[in-house]
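Data block for input.csv (CSV, N, CA and C atoms):
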```csv
chain,number,residue,atom,x,y,z
I,1,MET,N,76.5,93.6,126.9
I,1,MET,CA,77.9,93.8,127.4
I,1,MET,C,77.9,94.9,128.4
I,2,PRO,N,78.7,94.6,129.5
I,2,PRO,CA,78.8,95.6,130.5
I,2,PRO,C,79.6,96.9,130.0
I,3,GLU,N,79.1,98.0,130.5
I,3,GLU,CA,79.8,99.3,130.3
I,3,GLU,C,80.6,99.7,131.5
I,4,VAL,N,81.8,100.2,131.3
I,4,VAL,CA,82.7,100.6,132.4
I,4,VAL,C,83.1,102.0,132.1
I,5,THR,N,83.1,102.8,133.2
I,5,THR,CA,83.7,104.2,133.0
I,5,THR,C,85.1,104.1,133.6
I,6,VAL,N,86.0,104.5,132.7
I,6,VAL,CA,87.4,104.5,133.1
I,6,VAL,C,87.9,106.0,133.0
I,7,LYS,N,88.9,106.3,133.8
I,7,LYS,CA,89.4,107.7,133.7
I,7,LYS,C,90.9,107.6,133.3
I,8,ILE,N,91.2,108.3,132.2
I,8,ILE,CA,92.5,108.4,131.7
I,8,ILE,C,92.9,109.8,131.4
I,9,ASN,N,94.0,110.3,132.0
I,9,ASN,CA,94.4,111.7,131.9
I,9,ASN,C,93.3,112.7,132.3
I,10,GLY,N,92.6,112.3,133.3
I,10,GLY,CA,91.6,113.2,133.9
I,10,GLY,C,90.3,113.2,133.1
I,11,ARG,N,90.1,112.4,132.1
I,11,ARG,CA,88.9,112.3,131.3
I,11,ARG,C,88.2,111.0,131.5
I,12,ALA,N,86.9,111.0,131.6
I,12,ALA,CA,86.1,109.8,131.7
I,12,ALA,C,85.8,109.2,130.4
I,13,TYR,N,85.9,107.9,130.2
I,13,TYR,CA,85.5,107.2,129.0
I,13,TYR,C,84.6,106.1,129.3
I,14,GLU,N,83.5,105.9,128.5
I,14,GLU,CA,82.6,104.8,128.7
I,14,GLU,C,83.1,103.7,127.7
I,15,LEU,N,83.5,102.5,128.2
I,15,LEU,CA,84.0,101.4,127.4
I,15,LEU,C,83.1,100.2,127.7
I,16,THR,N,83.0,99.4,126.7
I,16,THR,CA,82.3,98.1,126.9
I,16,THR,C,83.3,97.0,127.0
I,17,CYS,N,82.9,95.9,127.7
I,17,CYS,CA,83.8,94.8,127.8
I,17,CYS,C,83.0,93.5,128.0
I,18,GLY,N,83.7,92.4,128.0
I,18,GLY,CA,83.0,91.1,128.2
I,18,GLY,C,82.6,91.0,129.6
I,19,GLU,N,81.6,90.2,129.8
I,19,GLU,CA,81.0,89.9,131.1
I,19,GLU,C,82.2,89.4,132.1
I,20,GLY,N,82.3,90.0,133.2
I,20,GLY,CA,83.3,89.6,134.2
I,20,GLY,C,84.7,90.2,134.0
I,21,GLU,N,84.8,91.0,132.9
I,21,GLU,CA,86.1,91.6,132.6
I,21,GLU,C,86.2,93.1,133.1
I,22,GLU,N,85.2,93.5,133.9
I,22,GLU,CA,85.2,94.9,134.3
I,22,GLU,C,86.4,95.3,135.1
I,23,ALA,N,86.7,94.5,136.1
I,23,ALA,CA,87.9,94.9,137.0
I,23,ALA,C,89.2,94.9,136.2
I,24,HIS,N,89.3,93.9,135.3
I,24,HIS,CA,90.5,93.9,134.5
I,24,HIS,C,90.6,95.1,133.6
I,25,LEU,N,89.5,95.6,133.0
I,25,LEU,CA,89.5,96.8,132.2
I,25,LEU,C,89.9,98.0,133.0
I,26,GLN,N,89.4,98.1,134.2
I,26,GLN,CA,89.7,99.2,135.1
I,26,GLN,C,91.2,99.1,135.4
I,27,ASP,N,91.8,98.0,135.7
I,27,ASP,CA,93.2,97.8,136.0
I,27,ASP,C,94.1,98.3,134.8
I,28,LEU,N,93.6,97.9,133.6
I,28,LEU,CA,94.4,98.3,132.4
I,28,LEU,C,94.3,99.8,132.2
I,29,ALA,N,93.1,100.4,132.4
I,29,ALA,CA,93.0,101.8,132.3
I,29,ALA,C,93.9,102.6,133.3
I,30,GLU,N,94.0,102.1,134.5
I,30,GLU,CA,94.8,102.7,135.5
I,30,GLU,C,96.3,102.6,135.1
I,31,TYR,N,96.6,101.5,134.5
I,31,TYR,CA,98.0,101.3,134.0
I,31,TYR,C,98.3,102.3,132.9
I,32,VAL,N,97.4,102.4,131.9
I,32,VAL,CA,97.6,103.4,130.9
I,32,VAL,C,97.7,104.8,131.4
I,33,ASP,N,96.8,105.1,132.4
I,33,ASP,CA,96.8,106.4,133.0
I,33,ASP,C,98.1,106.7,133.7
I,34,GLY,N,98.7,105.7,134.3
I,34,GLY,CA,100.0,105.8,135.0
I,34,GLY,C,101.1,106.1,133.9
I,35,LYS,N,101.0,105.5,132.8
I,35,LYS,CA,102.0,105.7,131.7
I,35,LYS,C,101.9,107.1,131.2
I,36,ILE,N,100.7,107.6,131.0
I,36,ILE,CA,100.4,109.0,130.6
I,36,ILE,C,101.0,110.0,131.6
I,37,THR,N,100.8,109.7,132.9
I,37,THR,CA,101.4,110.5,133.9
I,37,THR,C,102.9,110.6,133.8
I,38,SER,N,103.5,109.4,133.6
I,38,SER,CA,104.9,109.3,133.5
I,38,SER,C,105.4,110.1,132.2
I,39,ALA,N,104.7,109.9,131.2
I,39,ALA,CA,105.0,110.6,129.9
I,39,ALA,C,105.0,112.2,130.1
I,40,ARG,N,103.9,112.6,130.8
I,40,ARG,CA,103.8,114.0,131.1
I,40,ARG,C,104.9,114.5,132.0
I,41,GLU,N,105.3,113.8,133.0
I,41,GLU,CA,106.4,114.2,133.9
I,41,GLU,C,107.7,114.2,133.1
I,42,SER,N,108.0,113.3,132.2
I,42,SER,CA,109.3,113.3,131.5
I,42,SER,C,109.3,114.2,130.3
I,43,ALA,N,108.2,114.4,129.6
I,43,ALA,CA,108.2,115.2,128.4
I,43,ALA,C,107.6,116.6,128.6
I,44,GLY,N,107.1,116.8,129.7
I,44,GLY,CA,106.5,118.2,130.0
I,44,GLY,C,105.1,118.2,129.5
I,45,SER,N,104.5,119.4,129.5
I,45,SER,CA,103.1,119.6,129.1
I,45,SER,C,103.0,119.4,127.6
I,46,ARG,N,102.2,118.5,127.2
I,46,ARG,CA,101.9,118.2,125.8
I,46,ARG,C,100.4,118.0,125.6
I,47,GLY,N,100.0,118.0,124.4
I,47,GLY,CA,98.6,117.8,124.1
I,47,GLY,C,98.2,116.3,124.4
I,48,ASP,N,96.9,116.1,124.6
I,48,ASP,CA,96.4,114.8,124.9
I,48,ASP,C,96.9,113.7,123.9
I,49,GLY,N,96.8,114.1,122.6
I,49,GLY,CA,97.2,113.1,121.6
I,49,GLY,C,98.7,112.7,121.7
I,50,GLN,N,99.5,113.7,121.9
I,50,GLN,CA,101.0,113.4,122.0
I,50,GLN,C,101.3,112.6,123.2
I,51,LEU,N,100.6,112.9,124.3
I,51,LEU,CA,100.8,112.1,125.6
I,51,LEU,C,100.4,110.7,125.4
I,52,LEU,N,99.2,110.5,124.7
I,52,LEU,CA,98.7,109.2,124.4
I,52,LEU,C,99.7,108.4,123.5
I,53,VAL,N,100.2,109.0,122.5
I,53,VAL,CA,101.2,108.4,121.6
I,53,VAL,C,102.4,108.0,122.4
I,54,LEU,N,103.0,108.9,123.2
I,54,LEU,CA,104.1,108.6,124.0
I,54,LEU,C,103.9,107.5,125.0
I,55,ALA,N,102.7,107.5,125.7
I,55,ALA,CA,102.4,106.4,126.6
I,55,ALA,C,102.3,105.1,125.9
I,56,SER,N,101.7,105.1,124.7
I,56,SER,CA,101.6,103.9,123.9
I,56,SER,C,102.9,103.3,123.5
I,57,ILE,N,103.9,104.2,123.1
I,57,ILE,CA,105.2,103.8,122.8
I,57,ILE,C,105.9,103.2,124.0
I,58,LEU,N,105.7,103.8,125.2
I,58,LEU,CA,106.3,103.2,126.4
I,58,LEU,C,105.7,101.8,126.7
I,59,ILE,N,104.4,101.6,126.5
I,59,ILE,CA,103.8,100.3,126.7
I,59,ILE,C,104.3,99.3,125.7
I,60,ALA,N,104.4,99.8,124.4
I,60,ALA,CA,104.9,98.9,123.3
I,60,ALA,C,106.3,98.5,123.6
I,61,ASP,N,107.1,99.4,124.1
I,61,ASP,CA,108.5,99.1,124.5
I,61,ASP,C,108.5,98.0,125.5
I,62,GLU,N,107.7,98.1,126.6
I,62,GLU,CA,107.6,97.1,127.6
I,62,GLU,C,107.2,95.7,127.0
I,63,LEU,N,106.2,95.8,126.1
I,63,LEU,CA,105.8,94.5,125.5
I,63,LEU,C,106.9,93.9,124.6
I,64,SER,N,107.6,94.8,123.9
I,64,SER,CA,108.7,94.3,123.1
I,64,SER,C,109.8,93.6,123.9
I,65,ASP,N,110.1,94.2,125.1
I,65,ASP,CA,111.1,93.6,126.0
I,65,ASP,C,110.6,92.2,126.4
I,66,THR,N,109.3,92.2,126.8
I,66,THR,CA,108.7,90.9,127.2
I,66,THR,C,108.7,89.9,126.2
I,67,LEU,N,108.3,90.3,124.9
I,67,LEU,CA,108.4,89.3,123.8
I,67,LEU,C,109.8,88.8,123.6
I,68,ALA,N,110.8,89.7,123.7
I,68,ALA,CA,112.1,89.2,123.5
I,68,ALA,C,112.5,88.2,124.5
I,69,LYS,N,112.1,88.3,125.7
I,69,LYS,CA,112.3,87.4,126.8
I,69,LYS,C,111.6,86.0,126.5
I,70,ILE,N,110.4,86.1,126.0
I,70,ILE,CA,109.6,84.9,125.8
I,70,ILE,C,110.2,84.2,124.6
I,71,GLU,N,110.8,84.9,123.7
I,71,GLU,CA,111.4,84.2,122.5
I,71,GLU,C,112.7,83.4,122.9
I,72,ASP,N,113.2,83.6,124.1
I,72,ASP,CA,114.3,82.9,124.5
I,72,ASP,C,113.9,81.4,124.6
I,73,PRO,N,114.6,80.5,123.8
I,73,PRO,CA,114.2,79.1,123.7
I,73,PRO,C,114.2,78.5,125.1
I,74,ASN,N,115.0,78.9,126.0
I,74,ASN,CA,115.1,78.3,127.3
I,74,ASN,C,113.8,78.6,128.1
I,75,LEU,N,113.1,79.7,127.8
I,75,LEU,CA,111.9,80.1,128.5
I,75,LEU,C,110.7,79.5,127.9
I,76,VAL,N,110.7,79.2,126.6
I,76,VAL,CA,109.5,78.8,125.9
I,76,VAL,C,109.5,77.3,125.5
I,77,SER,N,110.5,76.6,125.8
I,77,SER,CA,110.6,75.2,125.3
I,77,SER,C,109.5,74.3,125.9
I,78,ASN,N,109.0,74.7,127.0
I,78,ASN,CA,107.9,73.8,127.6
I,78,ASN,C,106.5,74.3,127.3
I,79,LEU,N,106.3,75.3,126.5
I,79,LEU,CA,105.0,75.7,126.1
I,79,LEU,C,104.3,74.7,125.2
I,80,PRO,N,103.1,74.2,125.5
I,80,PRO,CA,102.5,73.2,124.7
I,80,PRO,C,102.2,73.6,123.2
I,81,ASP,N,101.9,74.9,123.0
I,81,ASP,CA,101.6,75.4,121.7
I,81,ASP,C,102.8,75.9,120.9
I,82,GLY,N,104.0,75.9,121.5
I,82,GLY,CA,105.2,76.3,120.9
I,82,GLY,C,105.4,77.8,120.8
I,83,PRO,N,106.6,78.2,120.7
I,83,PRO,CA,106.9,79.7,120.7
I,83,PRO,C,106.3,80.4,119.5
I,84,GLY,N,106.2,79.8,118.3
I,84,GLY,CA,105.6,80.5,117.2
I,84,GLY,C,104.1,80.8,117.4
I,85,ALA,N,103.3,79.9,117.9
I,85,ALA,CA,101.9,80.1,118.2
I,85,ALA,C,101.7,81.2,119.3
I,86,ARG,N,102.6,81.1,120.3
I,86,ARG,CA,102.5,82.1,121.4
I,86,ARG,C,102.8,83.5,120.9
I,87,ARG,N,103.8,83.5,120.1
I,87,ARG,CA,104.2,84.8,119.5
I,87,ARG,C,103.1,85.4,118.6
I,88,GLN,N,102.4,84.6,117.9
I,88,GLN,CA,101.3,85.0,117.0
I,88,GLN,C,100.2,85.6,117.9
I,89,GLN,N,99.9,84.9,119.0
I,89,GLN,CA,98.9,85.4,119.9
I,89,GLN,C,99.3,86.8,120.4
I,90,GLN,N,100.5,87.0,120.8
I,90,GLN,CA,101.0,88.3,121.3
I,90,GLN,C,101.0,89.3,120.2
I,91,ILE,N,101.3,89.0,119.0
I,91,ILE,CA,101.3,90.0,117.9
I,91,ILE,C,99.8,90.4,117.7
I,92,SER,N,98.9,89.4,117.7
I,92,SER,CA,97.5,89.7,117.5
I,92,SER,C,97.0,90.7,118.7
I,93,PHE,N,97.4,90.4,119.9
I,93,PHE,CA,97.0,91.2,121.0
I,93,PHE,C,97.6,92.6,120.8
I,94,LEU,N,98.8,92.8,120.4
I,94,LEU,CA,99.4,94.1,120.2
I,94,LEU,C,98.7,94.8,119.1
I,95,GLU,N,98.4,94.2,118.0
I,95,GLU,CA,97.7,94.8,116.9
I,95,GLU,C,96.3,95.3,117.4
I,96,SER,N,95.6,94.5,118.1
I,96,SER,CA,94.3,94.9,118.7
I,96,SER,C,94.4,96.1,119.6
I,97,ALA,N,95.4,96.0,120.5
I,97,ALA,CA,95.6,97.1,121.4
I,97,ALA,C,96.0,98.4,120.7
I,98,THR,N,96.8,98.3,119.7
I,98,THR,CA,97.2,99.5,118.9
I,98,THR,C,96.0,100.1,118.2
I,99,ALA,N,95.2,99.3,117.7
I,99,ALA,CA,94.0,99.8,117.0
I,99,ALA,C,93.1,100.6,118.0
I,100,ARG,N,92.9,100.0,119.2
I,100,ARG,CA,92.1,100.7,120.3
I,100,ARG,C,92.8,102.0,120.7
I,101,ILE,N,94.1,102.0,120.8
I,101,ILE,CA,94.8,103.2,121.3
I,101,ILE,C,94.7,104.3,120.2
I,102,GLU,N,94.8,103.9,118.9
I,102,GLU,CA,94.7,104.8,117.8
I,102,GLU,C,93.3,105.4,117.8
I,103,ALA,N,92.3,104.6,118.0
I,103,ALA,CA,90.9,105.1,118.1
I,103,ALA,C,90.7,106.1,119.2
I,104,LEU,N,91.3,105.7,120.4
I,104,LEU,CA,91.2,106.6,121.5
I,104,LEU,C,91.9,107.9,121.3
I,105,ALA,N,93.1,107.9,120.6
I,105,ALA,CA,93.8,109.1,120.3
I,105,ALA,C,93.0,110.0,119.4
I,106,ALA,N,92.3,109.4,118.4
I,106,ALA,CA,91.5,110.1,117.4
I,106,ALA,C,90.4,110.8,118.2
I,107,ARG,N,89.8,110.1,119.1
I,107,ARG,CA,88.7,110.7,119.9
I,107,ARG,C,89.2,111.9,120.8
I,108,LEU,N,90.4,111.7,121.4
I,108,LEU,CA,91.0,112.8,122.2
I,108,LEU,C,91.3,114.0,121.3
I,109,GLU,N,91.8,113.8,120.2
I,109,GLU,CA,92.2,114.9,119.3
I,109,GLU,C,90.9,115.6,118.7
I,110,ALA,N,89.8,114.9,118.6
I,110,ALA,CA,88.6,115.5,118.1
I,110,ALA,C,87.9,116.4,119.2
I,111,ASP,N,88.2,116.1,120.5
I,111,ASP,CA,87.6,116.9,121.5
I,111,ASP,C,88.1,118.3,121.6
```
Could you rewrite the structure in this file as structure tokens?
Amino acid sequence: MPEVTVKINGRAYELTCGEGEEAHLQDLAEYVDGKITSARESAGSRGDGQLLVLASILIADELSDTLAKIEDPNLVSNLPDGPGARRQQQISFLESATARIEALAARLEAD
């Protein structure tokens, strides 16, 4: 599996990803880094763990808004797998992302 170095909140992290997913992983890391920057600007100077939690909540809020829009029957009526299956995929993705964020927060607080 390829290893990618991403930079979040000024720190470098070595992450592994699937073959061909390197650029996507970099994009996601840049997005998270941007959310941490926004959290720092709005909440002031905080510890790495607190900034990571705040950024995670901001991202989860965006995802929640998106899920609410997707649940609109007018938007999902043409999906072949139906809204329930799509929602389950999104929940699984969010749970996986949450676990990764919590692991990263634990690493940050251990440093």
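A straight line drawn from atom C of Ala105 (chain I) to CA of Ala68 (chain I) is 28.5 Å long.
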Which of region 2-97 of chain I end up as strand (DSSP E) when DSSP is run on this backbone - answer as a tab-separated table (two decimals) with N, CA and C atoms, in the frame of the given file?
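Contents of the output file selection_5.tsv:
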```
chain	number	residue	atom	x	y	z
I	3	GLU	N	79.10	98.00	130.50
I	3	GLU	CA	79.80	99.30	130.30
I	3	GLU	C	80.60	99.70	131.50
I	4	VAL	N	81.80	100.20	131.30
I	4	VAL	CA	82.70	100.60	132.40
I	4	VAL	C	83.10	102.00	132.10
I	5	THR	N	83.10	102.80	133.20
I	5	THR	CA	83.70	104.20	133.00
I	5	THR	C	85.10	104.10	133.60
I	6	VAL	N	86.00	104.50	132.70
I	6	VAL	CA	87.40	104.50	133.10
I	6	VAL	C	87.90	106.00	133.00
I	7	LYS	N	88.90	106.30	133.80
I	7	LYS	CA	89.40	107.70	133.70
I	7	LYS	C	90.90	107.60	133.30
I	8	ILE	N	91.20	108.30	132.20
I	8	ILE	CA	92.50	108.40	131.70
I	8	ILE	C	92.90	109.80	131.40
I	11	ARG	N	90.10	112.40	132.10
I	11	ARG	CA	88.90	112.30	131.30
I	11	ARG	C	88.20	111.00	131.50
I	12	ALA	N	86.90	111.00	131.60
I	12	ALA	CA	86.10	109.80	131.70
I	12	ALA	C	85.80	109.20	130.40
I	13	TYR	N	85.90	107.90	130.20
I	13	TYR	CA	85.50	107.20	129.00
I	13	TYR	C	84.60	106.10	129.30
I	14	GLU	N	83.50	105.90	128.50
I	14	GLU	CA	82.60	104.80	128.70
I	14	GLU	C	83.10	103.70	127.70
I	15	LEU	N	83.50	102.50	128.20
I	15	LEU	CA	84.00	101.40	127.40
I	15	LEU	C	83.10	100.20	127.70
I	16	THR	N	83.00	99.40	126.70
I	16	THR	CA	82.30	98.10	126.90
I	16	THR	C	83.30	97.00	127.00
```
Any chance you could list, as a short mmCIF file (atom, residue, chain, number, x, y, z; two decimals) with N, CA and C atoms, keeping the file's coordinate frame, the residues in chain I that come up helix (DSSP H, G or I) when DSSP is run on the backbone?
```cif
data_model
loop_
_atom_site.label_atom_id
_atom_site.label_comp_id
_atom_site.auth_asym_id
_atom_site.auth_seq_id
_atom_site.Cartn_x
_atom_site.Cartn_y
_atom_site.Cartn_z
N GLU I 22 85.20 93.50 133.90
CA GLU I 22 85.20 94.90 134.30
C GLU I 22 86.40 95.30 135.10
N ALA I 23 86.70 94.50 136.10
CA ALA I 23 87.90 94.90 137.00
C ALA I 23 89.20 94.90 136.20
N HIS I 24 89.30 93.90 135.30
CA HIS I 24 90.50 93.90 134.50
C HIS I 24 90.60 95.10 133.60
N LEU I 25 89.50 95.60 133.00
CA LEU I 25 89.50 96.80 132.20
C LEU I 25 89.90 98.00 133.00
N GLN I 26 89.40 98.10 134.20
CA GLN I 26 89.70 99.20 135.10
C GLN I 26 91.20 99.10 135.40
N ASP I 27 91.80 98.00 135.70
CA ASP I 27 93.20 97.80 136.00
C ASP I 27 94.10 98.30 134.80
N LEU I 28 93.60 97.90 133.60
CA LEU I 28 94.40 98.30 132.40
C LEU I 28 94.30 99.80 132.20
N ALA I 29 93.10 100.40 132.40
CA ALA I 29 93.00 101.80 132.30
C ALA I 29 93.90 102.60 133.30
N GLU I 30 94.00 102.10 134.50
CA GLU I 30 94.80 102.70 135.50
C GLU I 30 96.30 102.60 135.10
N TYR I 31 96.60 101.50 134.50
CA TYR I 31 98.00 101.30 134.00
C TYR I 31 98.30 102.30 132.90
N VAL I 32 97.40 102.40 131.90
CA VAL I 32 97.60 103.40 130.90
C VAL I 32 97.70 104.80 131.40
N ASP I 33 96.80 105.10 132.40
CA ASP I 33 96.80 106.40 133.00
C ASP I 33 98.10 106.70 133.70
N GLY I 34 98.70 105.70 134.30
CA GLY I 34 100.00 105.80 135.00
C GLY I 34 101.10 106.10 133.90
N LYS I 35 101.00 105.50 132.80
CA LYS I 35 102.00 105.70 131.70
C LYS I 35 101.90 107.10 131.20
N ILE I 36 100.70 107.60 131.00
CA ILE I 36 100.40 109.00 130.60
C ILE I 36 101.00 110.00 131.60
N THR I 37 100.80 109.70 132.90
CA THR I 37 101.40 110.50 133.90
C THR I 37 102.90 110.60 133.80
N SER I 38 103.50 109.40 133.60
CA SER I 38 104.90 109.30 133.50
C SER I 38 105.40 110.10 132.20
N ALA I 39 104.70 109.90 131.20
CA ALA I 39 105.00 110.60 129.90
C ALA I 39 105.00 112.20 130.10
N ARG I 40 103.90 112.60 130.80
CA ARG I 40 103.80 114.00 131.10
C ARG I 40 104.90 114.50 132.00
N GLU I 41 105.30 113.80 133.00
CA GLU I 41 106.40 114.20 133.90
C GLU I 41 107.70 114.20 133.10
N SER I 42 108.00 113.30 132.20
CA SER I 42 109.30 113.30 131.50
C SER I 42 109.30 114.20 130.30
N ALA I 43 108.20 114.40 129.60
CA ALA I 43 108.20 115.20 128.40
C ALA I 43 107.60 116.60 128.60
N ASP I 48 96.90 116.10 124.60
CA ASP I 48 96.40 114.80 124.90
C ASP I 48 96.90 113.70 123.90
N GLY I 49 96.80 114.10 122.60
CA GLY I 49 97.20 113.10 121.60
C GLY I 49 98.70 112.70 121.70
N GLN I 50 99.50 113.70 121.90
CA GLN I 50 101.00 113.40 122.00
C GLN I 50 101.30 112.60 123.20
N LEU I 51 100.60 112.90 124.30
CA LEU I 51 100.80 112.10 125.60
C LEU I 51 100.40 110.70 125.40
N LEU I 52 99.20 110.50 124.70
CA LEU I 52 98.70 109.20 124.40
C LEU I 52 99.70 108.40 123.50
N VAL I 53 100.20 109.00 122.50
CA VAL I 53 101.20 108.40 121.60
C VAL I 53 102.40 108.00 122.40
N LEU I 54 103.00 108.90 123.20
CA LEU I 54 104.10 108.60 124.00
C LEU I 54 103.90 107.50 125.00
N ALA I 55 102.70 107.50 125.70
CA ALA I 55 102.40 106.40 126.60
C ALA I 55 102.30 105.10 125.90
N SER I 56 101.70 105.10 124.70
CA SER I 56 101.60 103.90 123.90
C SER I 56 102.90 103.30 123.50
N ILE I 57 103.90 104.20 123.10
CA ILE I 57 105.20 103.80 122.80
C ILE I 57 105.90 103.20 124.00
N LEU I 58 105.70 103.80 125.20
CA LEU I 58 106.30 103.20 126.40
C LEU I 58 105.70 101.80 126.70
N ILE I 59 104.40 101.60 126.50
CA ILE I 59 103.80 100.30 126.70
C ILE I 59 104.30 99.30 125.70
N ALA I 60 104.40 99.80 124.40
CA ALA I 60 104.90 98.90 123.30
C ALA I 60 106.30 98.50 123.60
N ASP I 61 107.10 99.40 124.10
CA ASP I 61 108.50 99.10 124.50
C ASP I 61 108.50 98.00 125.50
N GLU I 62 107.70 98.10 126.60
CA GLU I 62 107.60 97.10 127.60
C GLU I 62 107.20 95.70 127.00
N LEU I 63 106.20 95.80 126.10
CA LEU I 63 105.80 94.50 125.50
C LEU I 63 106.90 93.90 124.60
N SER I 64 107.60 94.80 123.90
CA SER I 64 108.70 94.30 123.10
C SER I 64 109.80 93.60 123.90
N ASP I 65 110.10 94.20 125.10
CA ASP I 65 111.10 93.60 126.00
C ASP I 65 110.60 92.20 126.40
N THR I 66 109.30 92.20 126.80
CA THR I 66 108.70 90.90 127.20
C THR I 66 108.70 89.90 126.20
N LEU I 67 108.30 90.30 124.90
CA LEU I 67 108.40 89.30 123.80
C LEU I 67 109.80 88.80 123.60
N ALA I 68 110.80 89.70 123.70
CA ALA I 68 112.10 89.20 123.50
C ALA I 68 112.50 88.20 124.50
N LYS I 69 112.10 88.30 125.70
CA LYS I 69 112.30 87.40 126.80
C LYS I 69 111.60 86.00 126.50
N ILE I 70 110.40 86.10 126.00
CA ILE I 70 109.60 84.90 125.80
C ILE I 70 110.20 84.20 124.60
N PRO I 73 114.60 80.50 123.80
CA PRO I 73 114.20 79.10 123.70
C PRO I 73 114.20 78.50 125.10
N ASN I 74 115.00 78.90 126.00
CA ASN I 74 115.10 78.30 127.30
C ASN I 74 113.80 78.60 128.10
N LEU I 75 113.10 79.70 127.80
CA LEU I 75 111.90 80.10 128.50
C LEU I 75 110.70 79.50 127.90
N VAL I 76 110.70 79.20 126.60
CA VAL I 76 109.50 78.80 125.90
C VAL I 76 109.50 77.30 125.50
N GLY I 82 104.00 75.90 121.50
CA GLY I 82 105.20 76.30 120.90
C GLY I 82 105.40 77.80 120.80
N PRO I 83 106.60 78.20 120.70
CA PRO I 83 106.90 79.70 120.70
C PRO I 83 106.30 80.40 119.50
N GLY I 84 106.20 79.80 118.30
CA GLY I 84 105.60 80.50 117.20
C GLY I 84 104.10 80.80 117.40
N ALA I 85 103.30 79.90 117.90
CA ALA I 85 101.90 80.10 118.20
C ALA I 85 101.70 81.20 119.30
N ARG I 86 102.60 81.10 120.30
CA ARG I 86 102.50 82.10 121.40
C ARG I 86 102.80 83.50 120.90
N ARG I 87 103.80 83.50 120.10
CA ARG I 87 104.20 84.80 119.50
C ARG I 87 103.10 85.40 118.60
N GLN I 88 102.40 84.60 117.90
CA GLN I 88 101.30 85.00 117.00
C GLN I 88 100.20 85.60 117.90
N GLN I 89 99.90 84.90 119.00
CA GLN I 89 98.90 85.40 119.90
C GLN I 89 99.30 86.80 120.40
N GLN I 90 100.50 87.00 120.80
CA GLN I 90 101.00 88.30 121.30
C GLN I 90 101.00 89.30 120.20
N ILE I 91 101.30 89.00 119.00
CA ILE I 91 101.30 90.00 117.90
C ILE I 91 99.80 90.40 117.70
N SER I 92 98.90 89.40 117.70
CA SER I 92 97.50 89.70 117.50
C SER I 92 97.00 90.70 118.70
N PHE I 93 97.40 90.40 119.90
CA PHE I 93 97.00 91.20 121.00
C PHE I 93 97.60 92.60 120.80
N LEU I 94 98.80 92.80 120.40
CA LEU I 94 99.40 94.10 120.20
C LEU I 94 98.70 94.80 119.10
N GLU I 95 98.40 94.20 118.00
CA GLU I 95 97.70 94.80 116.90
C GLU I 95 96.30 95.30 117.40
N SER I 96 95.60 94.50 118.10
CA SER I 96 94.30 94.90 118.70
C SER I 96 94.40 96.10 119.60
N ALA I 97 95.40 96.00 120.50
CA ALA I 97 95.60 97.10 121.40
C ALA I 97 96.00 98.40 120.70
N THR I 98 96.80 98.30 119.70
CA THR I 98 97.20 99.50 118.90
C THR I 98 96.00 100.10 118.20
N ALA I 99 95.20 99.30 117.70
CA ALA I 99 94.00 99.80 117.00
C ALA I 99 93.10 100.60 118.00
N ARG I 100 92.90 100.00 119.20
CA ARG I 100 92.10 100.70 120.30
C ARG I 100 92.80 102.00 120.70
N ILE I 101 94.10 102.00 120.80
CA ILE I 101 94.80 103.20 121.30
C ILE I 101 94.70 104.30 120.20
N GLU I 102 94.80 103.90 118.90
CA GLU I 102 94.70 104.80 117.80
C GLU I 102 93.30 105.40 117.80
N ALA I 103 92.30 104.60 118.00
CA ALA I 103 90.90 105.10 118.10
C ALA I 103 90.70 106.10 119.20
N LEU I 104 91.30 105.70 120.40
CA LEU I 104 91.20 106.60 121.50
C LEU I 104 91.90 107.90 121.30
N ALA I 105 93.10 107.90 120.60
CA ALA I 105 93.80 109.10 120.30
C ALA I 105 93.00 110.00 119.40
N ALA I 106 92.30 109.40 118.40
CA ALA I 106 91.50 110.10 117.40
C ALA I 106 90.40 110.80 118.20
N ARG I 107 89.80 110.10 119.10
CA ARG I 107 88.70 110.70 119.90
C ARG I 107 89.20 111.90 120.80
N LEU I 108 90.40 111.70 121.40
CA LEU I 108 91.00 112.80 122.20
C LEU I 108 91.30 114.00 121.30
N GLU I 109 91.80 113.80 120.20
CA GLU I 109 92.20 114.90 119.30
C GLU I 109 90.90 115.60 118.70
N ALA I 110 89.80 114.90 118.60
CA ALA I 110 88.60 115.50 118.10
C ALA I 110 87.90 116.40 119.20
#
```
Do you know which residues are at most 12 Å from Glu21 (chain I) counting only C-alpha atoms, after dropping those on the same chain fewer than 6 positions away, and could you put them as a PyMOL selection string? chain I and resi 1-4+15+27-28
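The coordinates place CA of Ala23 (chain I) at 25.5 Å from CA of Arg40 (chain I).
The gap separating CA of Arg46 (chain I) from CA of Arg11 (chain I) is 15.3 Å, in Å to one decimal.
Considering all atoms listed in the file, the residue among I:Gly49, I:Gln26, I:Ala12, I:Leu67 positioned nearest to Ala106 (chain I) is I:Gly49.
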Please determine, counting only C-alpha atoms, which residue among I:His24, I:Lys69, I:Lys7, I:Lys35 has the shortest atom-to-atom distance to Leu52 (chain I). I:Lys35
Counting only C-alpha atoms, which residues come within 6 Å of (101.6, 110.6, 127.4), with the point read in the file's coordinates, and could you list them as an MDAnalysis selection string? chainID I and resid 36 39:40 51:52 54:55
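Comparing the minimum interatomic distances between Asn9 (chain I) and each of I:Asp48, I:Glu102, I:Asp33, I:Glu62, counting all atoms listed in the file, we find that I:Asp33 sits nearest.
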